[in-house]
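Undergrad: I have a structure I would like to understand better, so I am pasting it below and will then ask my questions one at a time.
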Amino acid sequence: MRSAAEALLWKNWQLTRVPLLLQQLGVIAVVSLLFIVVFPQDADASRQVDFGIHVLVLMSLCFLVSPLAMLSKSNSRNRLTGFPYHQEYVLPISTATLVLVPVVYFSLLFVFAYIFPLLVLSALFDVTGPQFLFVVLVFESVLTVLALAWWTSSGLARSLGWIVLMLLYWNQTRFLSFGIADGTHIVVLESLSQLIVPTLITATLLALMYLGVIRQRYGDDLFGIEREDSTNSGRFLLRNLFPLAPASCPTDSAVAAEIWKERQLRGLASAGFIAILAAFTALLIIRLLSVYRAFDGGLPELEEVVVILFLFYLLFVMGAASQTFGVSVRNGTPHFSVFDRTLLLGTAKLVAIKFSITIAGLMLAAMAMASVVWVFGSLFIDGFEQIKVLVVDKLVEFTSVPVLALIRLVVLSLVAFTTATILWSAFCVWIMLKPKLMAWAWSILLVYGFLLFMFIAWITEENEFNTLSTAINIKHLWLFMFGLPAVLVYLCRGVVRDRIVNARQLLLLSTMGLLFTLLYVSYLIGTEFYATESHIEVLVSTSLLGVLPLAAILFALRTMCSLRHH
């Protein structure tokens with residue numbers, strides 16, 4: 001590289017090129033499938049469909065935040081690192097250039113990620129091209145997120161910054177009111193003067209970030225927060241306020257010590273605190289949607305409230321589960337705890353401890369979110385008392401079934417939730433261990449799905465498309481029917497060969513998996529699934545879901561073994 005700025009630009013490109021490719025392929029494929037399968041073609045609904053496509057493309061930009069998240073954790077043990085380019089502090093460039101290069105790059109990247117798929121979709125379908133107002137919104141949103149993420153290394157100060165931003169949204173100071181022009185589908189501002197205040201706020205945040213990066217570059221923080229050590233830089237911890245609350249690490253048992261360590265890393269208190277913040281954020285989003293009449297009838301229904309809360313909880317689950325194995329990416333290289341590698345504790349016990357703490361934290365988070373919404377929902381949601389009545393009715397209906405059926409349903413739900421969490425955690429680890437392989441595999445799947453559906457749409461009429469696509473999807477279940485047993489045999493052979501579990505432990509796991517499969521099949525029989533479904537592929541593949549928890553456990557054991565010997 002001829003200059004430090006070019007080297008910094010190349011580093012950002014190396015970090016974001018794969019997520020950008022996946023995001024572009026994903027949004028084009030999904031929207032194309034929606035146009036072919038779901039969206040109507042009549043002129044009366046064209047305005048809503050056109051606006052919905054733009055919203056979907058804008059929402060897909062959230063997937064490009066992942067490179068920023070990995071970058072912010074790449075150079076420090078502390079997750080709240082502020083400006084992430086720590087190694088670049090020694091480069092012979094000014095702080096203005098050090099800040100300007102990534103800010104401009106990420107801003108243009110997100111704008112390109114909005115413009116390019118819409119250009120492709122407008123060429124393939126009747127979709128309005130990129131709109132100037134949305135480009136402005138994307139540009140200002142990216143600058144705001146970068147400013148609030150990089151201006152300080154203090155977790156408390158950063159949280160206060162986001163709270164102030166939420167208050168600005170609440171006061172409708174940061175939000176642009178716009179309408180849709182009839183006939184053209186163009187999104188227009190109600191007044192150009194509305195751009196002035198958001199622009200000034202964004203400029204203020206950028207100036208604040210620049211001053212904060214200057215202080216961070218010289219080993220301080222914007223508000224001069226004292227740093228006792230390099231691993232606890234500006235972090236707000238409850239145990240700092242209550243020094244007598246933490247319990248000492250037990251030394252009489254390796255299992256108890258490991259549980260204590262996992263509680264410190266992924267404690268129940270932090271999970272509950274984050275869940276409470278997520279619940280209030282979800283309530284604030286619902287309030288904003290109500291103010292701008294985004295709900296039919298003006299008031300949110302129970303299903304809409306549940307969907308919004310579930311999305312926030314799902315984000316929390318994905319974030320917490322991805323950290324279960326303790327793998328992080330630093331400068332593009334995955335790192336795993338040396339302590340976990342050399343710990344004199346079996347891999348099976350280590351996996352059981354990690355996932356027990358994670359699942360317990362997720363359960364606590366769910367209860368915390370439900371409690372916050374139940375207590376404070378009336379302050380944010382109009383007509384919340386009616387929603388409470390509906391929730392009570394649903395609970396009464398749920399608990400009115402026989403006791404054994406209720407226990408079976410609860411057990412199946414908990415096992416399904418645990419299985420999904422384990423699979424997501426393990427896949428996140430393999431994405432960090434084999435990023436190129438996983439990226440190519442995901443890209444091939446997206447391209448294959450897109451080309452397959454385009455081919456079906458080309459050879460069929462509109463009234464035949466759904467029938468043929470359903471038949472082809474059912475035939476693809478043969479891959480699952482043969483693939484899952486093959487994977488299960490491969491994992492069983494691997495865990496025994498690598499001595500992750502012995503024959504007795506494998507027999508115990510197999511017995512538990514068989515019992516759960518029988519419980520799952522009895523549930524399907526109770527719902528008369530086998531009497532109503534006629535496709536052999538659907539029958540067999542649905543029944544095979546009963547062995548998925550066993551496969552997930554073996555997959556987690558194999559993943560932990562690979563990490564300990566990586």
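Chains: A, B, ... in order of the structure tokens. Residues: from 1 per chain. Ligands: from 1, in order shown.
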Quick one: everything within 8 Å of Ala278 in chain A, counting only C-alpha atoms, minus sequence neighbours fewer than 5 positions away in the same chain. Send it as a PyMOL selection string.
TA: chain A and resi 312-313+369
Undergrad: Mind writing the picked residues with all heavy atoms as a PDB file, in the first residue's frame?
TA:
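Final output, saved to out.pdb:
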```pdb
ATOM      1  N   PHE A 312     -37.170  -8.726  19.298  1.00  0.00           N
ATOM      2  CA  PHE A 312     -36.125  -8.232  20.200  1.00  0.00           C
ATOM      3  C   PHE A 312     -35.546  -9.371  21.031  1.00  0.00           C
ATOM      4  O   PHE A 312     -34.330  -9.435  21.247  1.00  0.00           O
ATOM      5  CB  PHE A 312     -36.678  -7.136  21.106  1.00  0.00           C
ATOM      6  CG  PHE A 312     -36.688  -5.779  20.479  1.00  0.00           C
ATOM      7  CD1 PHE A 312     -37.757  -5.352  19.709  1.00  0.00           C
ATOM      8  CD2 PHE A 312     -35.615  -4.924  20.635  1.00  0.00           C
ATOM      9  CE1 PHE A 312     -37.767  -4.100  19.119  1.00  0.00           C
ATOM     10  CE2 PHE A 312     -35.608  -3.671  20.055  1.00  0.00           C
ATOM     11  CZ  PHE A 312     -36.678  -3.260  19.295  1.00  0.00           C
ATOM     12  N   TYR A 313     -36.408 -10.263  21.499  1.00  0.00           N
ATOM     13  CA  TYR A 313     -35.916 -11.400  22.268  1.00  0.00           C
ATOM     14  C   TYR A 313     -35.082 -12.324  21.399  1.00  0.00           C
ATOM     15  O   TYR A 313     -34.072 -12.878  21.857  1.00  0.00           O
ATOM     16  CB  TYR A 313     -37.093 -12.161  22.877  1.00  0.00           C
ATOM     17  CG  TYR A 313     -36.676 -13.337  23.719  1.00  0.00           C
ATOM     18  CD1 TYR A 313     -36.010 -13.151  24.925  1.00  0.00           C
ATOM     19  CD2 TYR A 313     -36.925 -14.642  23.301  1.00  0.00           C
ATOM     20  CE1 TYR A 313     -35.619 -14.227  25.709  1.00  0.00           C
ATOM     21  CE2 TYR A 313     -36.533 -15.722  24.071  1.00  0.00           C
ATOM     22  CZ  TYR A 313     -35.887 -15.515  25.273  1.00  0.00           C
ATOM     23  OH  TYR A 313     -35.492 -16.580  26.030  1.00  0.00           O
ATOM     24  N   MET A 369     -38.433  -9.715  30.432  1.00  0.00           N
ATOM     25  CA  MET A 369     -39.131  -8.959  29.393  1.00  0.00           C
ATOM     26  C   MET A 369     -40.646  -9.026  29.582  1.00  0.00           C
ATOM     27  O   MET A 369     -41.341  -8.013  29.451  1.00  0.00           O
ATOM     28  CB  MET A 369     -38.749  -9.500  28.014  1.00  0.00           C
ATOM     29  CG  MET A 369     -37.334  -9.206  27.582  1.00  0.00           C
ATOM     30  SD  MET A 369     -36.979  -9.690  25.874  1.00  0.00           S
ATOM     31  CE  MET A 369     -38.004  -8.521  24.989  1.00  0.00           C
TER      32      MET A 369
END
```
Undergrad: Can you tell me, as a list in words, what residues are no more than 12 Å from range 453-464 of chain A when counting only C-alpha atoms, ignoring any on the same chain fewer than 4 positions away?
TA: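 What passes the distance filter is Ile28, Ala29, Val30, Val31, Ser32, Leu33, Leu34, Phe35, Ile36, Val37, Val38, Pro40, Gln41, Leu124, Leu446, Val447, Tyr448, Gly449, Leu468, Ser469, Thr470, Ala471, Ile472 and Asn473 of chain A.
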Undergrad: What separation in Å, quoted to one decimal, exists between CA of Leu451 in chain A and CA of Lys475 in chain A?
TA: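 If I compute the distance from CA of Leu451 in chain A to CA of Lys475 in chain A, I get 16.8 Å.
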Undergrad: When you count only C-alpha atoms, which of these residues is closest to Leu409 in chain A: A:Ala256, A:Leu519, A:Leu108, A:Leu20?
TA: A:Leu519
Undergrad: With distances taken over only C-alpha atoms, which residue among A:Val101, A:Ile214, A:Val327, A:Leu412 lies nearest Asp340 in chain A?
TA: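 That would be A:Val327, the residue with the smallest distance to Asp340 in chain A.
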Undergrad: Which residues of range 366-448 of chain A come within 10 Å of range 554-564 of chain A, and for each one, what is the closest pair of atoms and their distance in Å to one decimal, counting only C-alpha atoms, sorted by chain and residue number, as a Markdown table?
TA:
```
| residue | atom | partner | partner_atom | distance |
| --- | --- | --- | --- | --- |
| A:Ile422 | CA | A:Ala556 | CA | 6.7 |
| A:Leu423 | CA | A:Ala556 | CA | 7.5 |
| A:Trp424 | CA | A:Ala556 | CA | 10.0 |
| A:Ser425 | CA | A:Ala556 | CA | 8.2 |
| A:Ala426 | CA | A:Ala556 | CA | 5.9 |
| A:Phe427 | CA | A:Thr559 | CA | 9.0 |
| A:Val429 | CA | A:Thr559 | CA | 7.7 |
| A:Trp430 | CA | A:Thr559 | CA | 7.9 |
| A:Leu433 | CA | A:Leu563 | CA | 8.9 |
```
Undergrad: Return as a PyMOL selection string the full set of residues in range 193-431 of chain A whose backbone-based DSSP assignment is helix (DSSP H, G or I).
TA: chain A and resi 193-217+238-241+254-265+268-291+302-322+338-342+347-380+384-398+403-431
Undergrad: Please identify all polymer residues within 12 Å of Ala360 in chain A, counting only C-alpha atoms, omitting same-chain residues fewer than 2 positions from it, and present them as a list of chain:residue names.
TA: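 Once the adjacent positions are removed, what remains is A:Glu262, A:Arg263, A:Arg266, A:Gly267, A:Leu268, A:Ala269, A:Ser270, A:Ala271, A:Gly272, A:Val317, A:Ala320, A:Ala321, A:Ala352, A:Ile353, A:Lys354, A:Phe355, A:Ser356, A:Ile357, A:Thr358, A:Leu362, A:Met363, A:Leu364, A:Ala365, A:Ala366, A:Met367, A:Leu414, A:Phe417, A:Thr418, A:Thr421.
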Undergrad: Dump N, CA, C and O atoms for the selected residues as a tab-separated table (two decimals), in the first residue's frame?
TA:
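Output file again-v4.tsv follows:
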```
chain	number	residue	atom	x	y	z
A	262	GLU	N	-18.30	-19.21	34.43
A	262	GLU	CA	-19.31	-18.95	33.41
A	262	GLU	C	-20.33	-17.93	33.89
A	262	GLU	O	-20.83	-17.12	33.10
A	263	ARG	N	-20.66	-17.97	35.17
A	263	ARG	CA	-21.59	-16.97	35.71
A	263	ARG	C	-20.99	-15.57	35.65
A	263	ARG	O	-21.71	-14.58	35.43
A	266	ARG	N	-21.13	-14.82	31.68
A	266	ARG	CA	-22.49	-14.75	31.16
A	266	ARG	C	-23.46	-14.88	32.31
A	266	ARG	O	-24.26	-15.83	32.37
A	267	GLY	N	-23.36	-13.94	33.25
A	267	GLY	CA	-24.15	-14.02	34.47
A	267	GLY	C	-25.63	-13.78	34.24
A	267	GLY	O	-26.05	-13.19	33.24
A	268	LEU	N	-26.42	-14.24	35.22
A	268	LEU	CA	-27.86	-14.09	35.13
A	268	LEU	C	-28.26	-12.63	35.29
A	268	LEU	O	-29.24	-12.17	34.70
A	269	ALA	N	-27.52	-11.89	36.14
A	269	ALA	CA	-27.88	-10.49	36.37
A	269	ALA	C	-27.74	-9.66	35.11
A	269	ALA	O	-28.60	-8.84	34.78
A	270	SER	N	-26.64	-9.85	34.37
A	270	SER	CA	-26.44	-9.09	33.14
A	270	SER	C	-27.49	-9.45	32.09
A	270	SER	O	-27.97	-8.59	31.34
A	271	ALA	N	-27.88	-10.73	32.03
A	271	ALA	CA	-28.92	-11.14	31.09
A	271	ALA	C	-30.24	-10.47	31.41
A	271	ALA	O	-30.95	-9.99	30.52
A	272	GLY	N	-30.60	-10.43	32.70
A	272	GLY	CA	-31.84	-9.76	33.07
A	272	GLY	C	-31.81	-8.27	32.79
A	272	GLY	O	-32.81	-7.69	32.33
A	317	VAL	N	-31.34	-13.60	22.06
A	317	VAL	CA	-30.99	-15.01	22.08
A	317	VAL	C	-29.83	-15.28	21.12
A	317	VAL	O	-28.87	-15.99	21.46
A	320	ALA	N	-26.59	-13.81	22.68
A	320	ALA	CA	-26.11	-14.56	23.84
A	320	ALA	C	-25.62	-15.95	23.45
A	320	ALA	O	-24.59	-16.43	23.93
A	321	ALA	N	-26.37	-16.62	22.56
A	321	ALA	CA	-25.98	-17.98	22.17
A	321	ALA	C	-24.68	-18.00	21.38
A	321	ALA	O	-23.90	-18.95	21.49
A	352	ALA	N	-21.90	-28.97	28.94
A	352	ALA	CA	-23.11	-28.94	29.77
A	352	ALA	C	-23.15	-27.70	30.65
A	352	ALA	O	-24.20	-27.06	30.81
A	353	ILE	N	-22.02	-27.32	31.22
A	353	ILE	CA	-21.97	-26.13	32.08
A	353	ILE	C	-22.24	-24.87	31.28
A	353	ILE	O	-23.04	-24.00	31.68
A	354	LYS	N	-21.59	-24.74	30.13
A	354	LYS	CA	-21.75	-23.52	29.33
A	354	LYS	C	-23.20	-23.34	28.89
A	354	LYS	O	-23.77	-22.24	29.00
A	355	PHE	N	-23.81	-24.41	28.39
A	355	PHE	CA	-25.17	-24.26	27.89
A	355	PHE	C	-26.20	-24.17	29.02
A	355	PHE	O	-27.25	-23.56	28.85
A	356	SER	N	-25.90	-24.75	30.18
A	356	SER	CA	-26.81	-24.59	31.32
A	356	SER	C	-26.89	-23.14	31.75
A	356	SER	O	-27.99	-22.60	31.99
A	357	ILE	N	-25.73	-22.48	31.84
A	357	ILE	CA	-25.72	-21.06	32.21
A	357	ILE	C	-26.39	-20.21	31.15
A	357	ILE	O	-27.18	-19.30	31.44
A	358	THR	N	-26.14	-20.52	29.88
A	358	THR	CA	-26.74	-19.74	28.79
A	358	THR	C	-28.25	-19.89	28.77
A	358	THR	O	-28.99	-18.90	28.67
A	362	LEU	N	-31.18	-17.08	29.36
A	362	LEU	CA	-32.22	-16.80	28.38
A	362	LEU	C	-33.61	-16.93	28.98
A	362	LEU	O	-34.51	-16.14	28.67
A	363	MET	N	-33.80	-17.92	29.84
A	363	MET	CA	-35.09	-18.07	30.52
A	363	MET	C	-35.37	-16.87	31.43
A	363	MET	O	-36.49	-16.35	31.48
A	364	LEU	N	-34.33	-16.45	32.16
A	364	LEU	CA	-34.49	-15.27	33.02
A	364	LEU	C	-34.80	-14.03	32.19
A	364	LEU	O	-35.62	-13.19	32.57
A	365	ALA	N	-34.15	-13.91	31.03
A	365	ALA	CA	-34.40	-12.76	30.16
A	365	ALA	C	-35.84	-12.75	29.67
A	365	ALA	O	-36.48	-11.69	29.60
A	366	ALA	N	-36.37	-13.92	29.31
A	366	ALA	CA	-37.76	-13.99	28.86
A	366	ALA	C	-38.72	-13.56	29.95
A	366	ALA	O	-39.67	-12.80	29.71
A	367	MET	N	-38.48	-14.03	31.19
A	367	MET	CA	-39.35	-13.63	32.30
A	367	MET	C	-39.21	-12.15	32.60
A	367	MET	O	-40.20	-11.48	32.94
A	414	LEU	N	-39.35	-26.67	25.57
A	414	LEU	CA	-38.03	-26.39	26.15
A	414	LEU	C	-36.92	-27.10	25.38
A	414	LEU	O	-35.86	-26.52	25.12
A	417	PHE	N	-36.41	-25.30	22.06
A	417	PHE	CA	-35.69	-24.05	22.27
A	417	PHE	C	-34.21	-24.31	22.53
A	417	PHE	O	-33.33	-23.64	21.97
A	418	THR	N	-33.92	-25.30	23.38
A	418	THR	CA	-32.52	-25.64	23.67
A	418	THR	C	-31.81	-26.15	22.43
A	418	THR	O	-30.65	-25.80	22.18
A	421	THR	N	-30.96	-23.25	20.18
A	421	THR	CA	-29.87	-22.48	20.76
A	421	THR	C	-28.53	-23.16	20.55
A	421	THR	O	-27.53	-22.52	20.19
```
Undergrad: Could you please determine the separation between CA of Met209 in chain A and CA of Phe139 in chain A in Å, to one decimal place?
TA: 16.3 Å
Undergrad: Would you list the contacts of Ala420 in chain A as a PyMOL selection string, taking every protein, DNA or RNA residue within 9 Å and counting only C-alpha atoms, but skipping same-chain residues closer than 5 positions in sequence?
TA: chain A and resi 415+425+549+552
Undergrad: So how far away is CA of Ala416 in chain A from CA of Gly346 in chain A, in Å?
TA: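 Rounded to one decimal, the two atoms are 25.3 Å apart.
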